[in-house]
Amino acid sequence: MATRLNCAYENLSSSFLLTTTDYQKQFCHLYTHRLAEMTRLLTPLALKEWGTQVPIMKLCELRGEQNVQCIIIGTIYKHQAHKPSILRDISEENQLAPQPQRQNYSEPEDKLILEDELQRVRLQGGEFLDSYKLATGIVCAVKGGTDSDGFFNVENLLFLESGPQKPLNVKKEGSKLVLISGLDQLQSHNYVEALNMFQYWLSGCFGNHSEAQTQVRLIVAGNSVRSSAMAHVPTLQVARQQANANDTVQAISQLDNWFASWAKAIHVDVMPGAYDPANFMLPQQPFHKCMFPLAAQLSSFQSVANPYVCRLDSALVVGTSGQNIADLLRSTSLDSSLEALRCTLKWGHVAPTAPDTLACYPYISSDPFIMKECPHLYFAGNCEKFETDLHVGSDGKRTRLVCLPSFSKTQSIAVIDLATLDCRQVKFSMEIE
């Protein structure tokens with residue numbers, strides 16, 4: 001078994017760990033704190049970008065005046081006619097005609113509205129305002145002026161871009177991080193050979209001993225038990241639920257064996273996913289150690305939150321199990337998961353659509369999803385296909401973006417060099433392409 005390189009590790013996900021479980025609060029507190037915190041972060045950026053000649057104002061200070069050039073910092077609300085509504089749920093309960101299900105509810109007619117603490121204004125801006133790329137919950141600074149029709153004509157937009165970035169210390173022998181998602185253990189009988197190959201490769205038993213020595217950590221990015229919702233059968237409902245429960249327990253036991261084997265070779269961090277037996281709302285809390293009794297005995301194994309933030313040597317790593325990206329693709333017309341991931345990085349927020357269309361905990365004094373430090377690696381699990389790009393932001397900030405597909409569908413993983421941020425896909429498929 002390969003001897004691993006030493007790599008300094010720090011878990012920075014404490015802000016995602018819930019200390020209380022009070023679900024009686026309103027979500028307005030979360031939006032209020034998000035706007036206040038991001039206004040504090042955006043104000044110096046706006047002054048640096050546009051100078052002091054154009055004042056930063058509140059909407060209430062405009063007082064209906066026309067042709068006032070100013071900068072407004074606020075939260076975008078995207079009015080969408082086909083967005084999921086509680087009215088549909090009520091109509092289904094009363095056996096009325098439900099609204100049709102839509103995989104994507106973005107339309108060219110969607111309206112963008114900017115809200116601050118007291119008021120709101122309708123935005124328009126042509127080429128400066130790509131409504132199909134924006135979503136509810138984004139906080140931004142807009143430069144422009146009002147007109148006689150009550151619109152705010154946008155001349156430019158400014159986003160947080162995830163704050164400053166600490167320098168990356170380059171080593172001669174770069175440590176490598178391994179990412180895997182969507183194990184879908186309930187369907188693992190279809191690709192158990194690929195899992196065995198992955199385990200041998202991880203242990204350095206494939207003639208890759210020198211390569212395995214540089215691999216310092218494995219992150220399992222959600223949907224380890226299942227990768228899709230359980231099918232609802234109207235007949236024999238109780239029997240079906242019991243069968244599903246038995247299958248889930250067996251799948252978790254099998255995962256425990258896999259994780260224990262992997263953790264004997266490398267440090268393993270396991271995140272919950274959308275269809276795992278974990279809390280539904282973001283941030284998802286770490287699995288209880290009793291779920292994986294064999295793996296939990298090893299110090300190299302740990303269950304972590306989703307989203308997950310850690311620092312490996314000097315590299316800041318931020319990742320999710322993919323719920324934020326899937327929800328963003330439903331509410332926008334973005335072309336790919338990679339573009340959605342890039343947008344959340346530019347906006348400086350991991351999950352801007354929470355809590356509007358993405359369930360999250362009703363925080364009252366903070367918004368832990370704000371990205372105050374720009375990561376070196378930003379990944380999302382359970383995407384449709386493998387995609388990666390090295391994003392270069394303002395001030396030369398470099399972030400490796402990785403969209404990780406489900407292992408159950410592609411039998412592939414991603415390996416990232418933490419020194420150079422190079423990324424490659426490794427496949428373990430038994431099929432000849």
# chains A, B, ... in the order shown; residues from 1 in each chain; ligands from 1
call {"tool": "select_by_dssp", "arguments": {"residues": "region 21-243 of chain A", "states": "alpha helix (DSSP H)", "output": "PyMOL selection string"}}
result
chain A and resi 28-50+86-93+192-203+209-214+237-243
call {"tool": "write_last_selection", "arguments": {"atoms": "C-alpha atoms", "output": "short mmCIF file (atom, residue, chain, number, x, y, z; two decimals), in the first residue's frame"}}
result
data_model
loop_
_atom_site.label_atom_id
_atom_site.label_comp_id
_atom_site.auth_asym_id
_atom_site.auth_seq_id
_atom_site.Cartn_x
_atom_site.Cartn_y
_atom_site.Cartn_z
CA CYS A 28 -36.71 37.33 5.61
CA HIS A 29 -33.95 37.34 8.22
CA LEU A 30 -31.69 35.38 5.87
CA TYR A 31 -32.27 37.79 2.97
CA THR A 32 -31.77 40.80 5.27
CA HIS A 33 -28.45 39.55 6.55
CA ARG A 34 -27.33 38.51 3.05
CA LEU A 35 -27.98 42.00 1.72
CA ALA A 36 -26.33 43.72 4.69
CA GLU A 37 -23.20 41.56 4.60
CA MET A 38 -22.75 41.68 0.82
CA THR A 39 -23.42 45.43 0.76
CA ARG A 40 -20.51 45.81 3.16
CA LEU A 41 -18.31 43.71 0.86
CA LEU A 42 -19.51 45.28 -2.43
CA THR A 43 -19.28 48.94 -1.42
CA PRO A 44 -15.45 49.23 -1.62
CA LEU A 45 -15.46 47.23 -4.87
CA ALA A 46 -18.01 49.62 -6.42
CA LEU A 47 -15.98 52.64 -5.36
CA LYS A 48 -12.84 51.09 -6.82
CA GLU A 49 -14.57 50.17 -10.09
CA TRP A 50 -16.65 53.31 -10.71
CA ILE A 86 -47.56 26.49 -3.20
CA LEU A 87 -50.80 26.96 -5.13
CA ARG A 88 -49.93 23.91 -7.22
CA ASP A 89 -49.50 21.80 -4.09
CA ILE A 90 -52.86 23.00 -2.77
CA SER A 91 -54.56 22.25 -6.08
CA GLU A 92 -53.16 18.72 -6.06
CA GLU A 93 -54.41 18.16 -2.52
CA VAL A 192 -19.10 -3.46 -9.03
CA GLU A 193 -16.07 -4.24 -11.21
CA ALA A 194 -15.46 -0.51 -11.65
CA LEU A 195 -15.62 -0.02 -7.88
CA ASN A 196 -13.05 -2.79 -7.38
CA MET A 197 -10.78 -1.23 -10.00
CA PHE A 198 -11.11 2.13 -8.26
CA GLN A 199 -10.13 0.59 -4.93
CA TYR A 200 -7.05 -1.08 -6.43
CA TRP A 201 -6.09 2.18 -8.17
CA LEU A 202 -6.57 4.14 -4.94
CA SER A 203 -4.31 1.73 -3.08
CA HIS A 209 2.43 3.28 -6.78
CA SER A 210 4.28 6.58 -7.32
CA GLU A 211 1.08 8.32 -8.41
CA ALA A 212 -0.86 6.97 -5.43
CA GLN A 213 1.74 8.43 -3.07
CA THR A 214 0.77 11.95 -4.16
CA GLN A 237 -47.54 1.23 -0.38
CA VAL A 238 -46.56 -0.07 3.07
CA ALA A 239 -44.84 -3.13 1.65
CA ARG A 240 -43.00 -0.97 -0.88
CA GLN A 241 -41.78 1.44 1.79
CA GLN A 242 -40.52 -1.47 3.90
CA ALA A 243 -38.70 -2.95 0.90
#
call {"tool": "closest_atom_pairs", "arguments": {"of": "region 291-326 of chain A", "to": "region 4-23 of chain A", "cutoff": "10 Å", "atoms": "only C-alpha atoms", "output": "CSV"}}
result
residue,atom,partner,partner_atom,distance
A:Val304,CA,A:Ser13,CA,7.9
A:Ala305,CA,A:Phe16,CA,6.7
A:Asn306,CA,A:Phe16,CA,7.8
A:Pro307,CA,A:Phe16,CA,7.4
A:Tyr308,CA,A:Ser13,CA,5.7
A:Val309,CA,A:Ser13,CA,5.1
A:Cys310,CA,A:Asn11,CA,4.5
A:Arg311,CA,A:Glu10,CA,5.1
A:Leu312,CA,A:Tyr9,CA,4.8
A:Asp313,CA,A:Ala8,CA,4.7
A:Ser314,CA,A:Ala8,CA,8.2
A:Ala315,CA,A:Tyr9,CA,9.7
A:Leu316,CA,A:Leu12,CA,9.3
A:Val317,CA,A:Leu12,CA,9.4
A:Val318,CA,A:Ser13,CA,9.4
call {"tool": "residues_around", "arguments": {"residues": "Ile416 (chain A)", "least_positions_apart": "6", "cutoff": "8 Å", "atoms": "only C-alpha atoms", "output": "PyMOL selection string"}}
result
chain A and resi 176-178+422-424
call {"tool": "write_last_selection", "arguments": {"atoms": "N, CA, C and O atoms", "output": "mmCIF file, in the first residue's frame"}}
result
data_model
loop_
_atom_site.group_PDB
_atom_site.id
_atom_site.type_symbol
_atom_site.label_atom_id
_atom_site.label_comp_id
_atom_site.auth_asym_id
_atom_site.auth_seq_id
_atom_site.Cartn_x
_atom_site.Cartn_y
_atom_site.Cartn_z
ATOM 1 N N LYS A 176 -2.295 15.672 -4.502
ATOM 2 C CA LYS A 176 -3.457 15.518 -5.382
ATOM 3 C C LYS A 176 -4.699 15.143 -4.580
ATOM 4 O O LYS A 176 -4.628 14.359 -3.636
ATOM 5 N N LEU A 177 -5.809 15.731 -4.979
ATOM 6 C CA LEU A 177 -7.104 15.471 -4.357
ATOM 7 C C LEU A 177 -7.947 14.650 -5.312
ATOM 8 O O LEU A 177 -8.026 14.957 -6.511
ATOM 9 N N VAL A 178 -8.604 13.615 -4.787
ATOM 10 C CA VAL A 178 -9.463 12.746 -5.598
ATOM 11 C C VAL A 178 -10.919 13.052 -5.266
ATOM 12 O O VAL A 178 -11.293 13.114 -4.089
ATOM 13 N N ASP A 422 -4.132 21.668 -11.987
ATOM 14 C CA ASP A 422 -4.457 20.842 -13.149
ATOM 15 C C ASP A 422 -5.488 19.792 -12.747
ATOM 16 O O ASP A 422 -5.475 19.288 -11.615
ATOM 17 N N CYS A 423 -6.351 19.456 -13.678
ATOM 18 C CA CYS A 423 -7.430 18.501 -13.386
ATOM 19 C C CYS A 423 -7.564 17.521 -14.538
ATOM 20 O O CYS A 423 -7.431 17.887 -15.715
ATOM 21 N N ARG A 424 -7.812 16.254 -14.195
ATOM 22 C CA ARG A 424 -8.048 15.243 -15.218
ATOM 23 C C ARG A 424 -9.100 14.256 -14.744
ATOM 24 O O ARG A 424 -9.318 14.074 -13.543
#
call {"tool": "residues_around", "arguments": {"residues": "Arg63 (chain A)", "least_positions_apart": "5", "cutoff": "12 Å", "atoms": "only C-alpha atoms", "output": "ChimeraX atom specification"}}
result
/A:57-58,68,119,121,146,150
call {"tool": "write_last_selection", "arguments": {"atoms": "N, CA and C atoms", "output": "mmCIF file, in the first residue's frame"}}
result
data_model
loop_
_atom_site.group_PDB
_atom_site.id
_atom_site.type_symbol
_atom_site.label_atom_id
_atom_site.label_comp_id
_atom_site.auth_asym_id
_atom_site.auth_seq_id
_atom_site.Cartn_x
_atom_site.Cartn_y
_atom_site.Cartn_z
ATOM 1 N N MET A 57 -26.511 55.084 -3.571
ATOM 2 C CA MET A 57 -27.743 55.571 -2.973
ATOM 3 C C MET A 57 -28.680 54.419 -2.634
ATOM 4 N N LYS A 58 -29.636 54.702 -1.771
ATOM 5 C CA LYS A 58 -30.745 53.804 -1.496
ATOM 6 C C LYS A 58 -31.909 54.159 -2.428
ATOM 7 N N VAL A 68 -31.428 60.354 -12.685
ATOM 8 C CA VAL A 68 -30.473 60.424 -11.578
ATOM 9 C C VAL A 68 -29.465 59.286 -11.738
ATOM 10 N N GLN A 119 -37.319 49.345 -0.562
ATOM 11 C CA GLN A 119 -38.088 49.489 -1.792
ATOM 12 C C GLN A 119 -37.574 48.539 -2.866
ATOM 13 N N VAL A 121 -37.331 48.214 -7.470
ATOM 14 C CA VAL A 121 -37.440 48.902 -8.742
ATOM 15 C C VAL A 121 -37.225 47.894 -9.856
ATOM 16 N N THR A 146 -32.622 56.316 -13.356
ATOM 17 C CA THR A 146 -34.066 56.118 -13.481
ATOM 18 C C THR A 146 -34.598 56.846 -14.705
ATOM 19 N N GLY A 150 -40.397 54.796 -14.503
ATOM 20 C CA GLY A 150 -40.159 54.130 -13.228
ATOM 21 C C GLY A 150 -39.177 52.986 -13.301
#
call {"tool": "closest_residue", "arguments": {"among": "A:Ile73, A:Ile413, A:Ala141, A:Met291", "to": "Val249 (chain A)", "atoms": "only C-alpha atoms"}}
result
A:Met291
call {"tool": "closest_residue", "arguments": {"among": "A:Gln66, A:Ile252, A:Ala260, A:Asp389", "to": "His288 (chain A)", "atoms": "only C-alpha atoms"}}
result
A:Ile252
call {"tool": "residues_around", "arguments": {"residues": "Ala263 (chain A)", "least_positions_apart": "3", "cutoff": "9 Å", "atoms": "only C-alpha atoms", "output": "ChimeraX atom specification"}}
result
/A:218,258-260,266-268,295,298-301
call {"tool": "write_last_selection", "arguments": {"atoms": "all heavy atoms", "output": "CSV table (one decimal), in the first residue's frame"}}
result
chain,number,residue,atom,x,y,z
A,218,LEU,N,-9.5,11.9,-0.4
A,218,LEU,CA,-10.6,11.5,-1.2
A,218,LEU,C,-11.9,12.2,-0.7
A,218,LEU,O,-12.2,12.0,0.5
A,218,LEU,CB,-10.8,10.0,-1.2
A,218,LEU,CG,-12.1,9.4,-1.8
A,218,LEU,CD1,-12.2,9.8,-3.3
A,218,LEU,CD2,-12.3,7.9,-1.6
A,258,TRP,N,-17.0,-0.4,1.9
A,258,TRP,CA,-16.1,0.3,0.9
A,258,TRP,C,-15.4,1.5,1.6
A,258,TRP,O,-14.1,1.6,1.4
A,258,TRP,CB,-17.0,0.9,-0.2
A,258,TRP,CG,-17.5,-0.1,-1.2
A,258,TRP,CD1,-18.8,-0.4,-1.4
A,258,TRP,CD2,-16.8,-0.8,-2.1
A,258,TRP,NE1,-18.9,-1.3,-2.4
A,258,TRP,CE2,-17.7,-1.6,-2.9
A,258,TRP,CE3,-15.4,-0.9,-2.4
A,258,TRP,CZ2,-17.2,-2.5,-3.9
A,258,TRP,CZ3,-15.0,-1.8,-3.4
A,258,TRP,CH2,-15.9,-2.5,-4.1
A,259,PHE,N,-16.0,2.3,2.4
A,259,PHE,CA,-15.4,3.4,3.0
A,259,PHE,C,-14.3,3.0,4.0
A,259,PHE,O,-13.2,3.6,4.0
A,259,PHE,CB,-16.4,4.3,3.8
A,259,PHE,CG,-17.4,5.0,2.9
A,259,PHE,CD1,-18.6,5.4,3.4
A,259,PHE,CD2,-17.1,5.2,1.6
A,259,PHE,CE1,-19.5,6.1,2.6
A,259,PHE,CE2,-18.0,5.9,0.8
A,259,PHE,CZ,-19.2,6.3,1.3
A,260,ALA,N,-14.5,1.9,4.7
A,260,ALA,CA,-13.5,1.4,5.6
A,260,ALA,C,-12.3,0.9,4.8
A,260,ALA,O,-11.1,1.2,5.2
A,260,ALA,CB,-14.1,0.2,6.4
A,266,ILE,N,-6.3,6.0,2.4
A,266,ILE,CA,-6.3,7.5,2.2
A,266,ILE,C,-7.3,8.1,3.1
A,266,ILE,O,-8.2,7.5,3.6
A,266,ILE,CB,-6.6,7.8,0.7
A,266,ILE,CG1,-6.3,9.2,0.4
A,266,ILE,CG2,-8.0,7.4,0.4
A,266,ILE,CD1,-6.4,9.5,-1.1
A,267,HIS,N,-7.1,9.4,3.4
A,267,HIS,CA,-8.1,10.1,4.2
A,267,HIS,C,-9.4,10.3,3.3
A,267,HIS,O,-9.4,10.6,2.1
A,267,HIS,CB,-7.6,11.5,4.5
A,267,HIS,CG,-6.5,11.5,5.6
A,267,HIS,ND1,-6.8,11.4,6.9
A,267,HIS,CD2,-5.2,11.5,5.5
A,267,HIS,CE1,-5.7,11.3,7.6
A,267,HIS,NE2,-4.7,11.4,6.8
A,268,VAL,N,-10.6,10.0,3.9
A,268,VAL,CA,-11.8,10.0,3.2
A,268,VAL,C,-12.8,10.9,3.9
A,268,VAL,O,-13.0,10.8,5.1
A,268,VAL,CB,-12.4,8.6,3.1
A,268,VAL,CG1,-13.8,8.6,2.4
A,268,VAL,CG2,-11.5,7.6,2.5
A,295,ALA,N,-16.1,2.1,9.2
A,295,ALA,CA,-15.3,3.2,8.8
A,295,ALA,C,-15.0,4.2,9.9
A,295,ALA,O,-13.9,4.8,10.0
A,295,ALA,CB,-15.9,3.9,7.6
A,298,LEU,N,-11.9,4.4,12.1
A,298,LEU,CA,-10.6,4.8,11.5
A,298,LEU,C,-10.5,6.3,11.6
A,298,LEU,O,-11.4,7.0,11.3
A,298,LEU,CB,-10.5,4.4,10.1
A,298,LEU,CG,-10.6,2.8,9.8
A,298,LEU,CD1,-10.6,2.5,8.4
A,298,LEU,CD2,-9.4,2.1,10.5
A,299,SER,N,-9.4,6.8,12.1
A,299,SER,CA,-9.2,8.3,12.2
A,299,SER,C,-9.1,9.0,10.8
A,299,SER,O,-9.3,10.2,10.7
A,299,SER,CB,-7.9,8.5,13.0
A,299,SER,OG,-6.8,8.0,12.3
A,300,SER,N,-8.9,8.2,9.8
A,300,SER,CA,-8.7,8.8,8.5
A,300,SER,C,-10.1,8.9,7.8
A,300,SER,O,-10.1,9.4,6.6
A,300,SER,CB,-7.8,7.9,7.6
A,300,SER,OG,-8.3,6.6,7.6
A,301,PHE,N,-11.2,8.6,8.5
A,301,PHE,CA,-12.5,8.7,7.9
A,301,PHE,C,-13.3,9.7,8.7
A,301,PHE,O,-13.3,9.8,9.9
A,301,PHE,CB,-13.3,7.4,7.9
A,301,PHE,CG,-14.7,7.5,7.5
A,301,PHE,CD1,-15.1,7.4,6.2
A,301,PHE,CD2,-15.7,7.6,8.5
A,301,PHE,CE1,-16.4,7.5,5.8
A,301,PHE,CE2,-17.0,7.7,8.1
A,301,PHE,CZ,-17.4,7.6,6.7
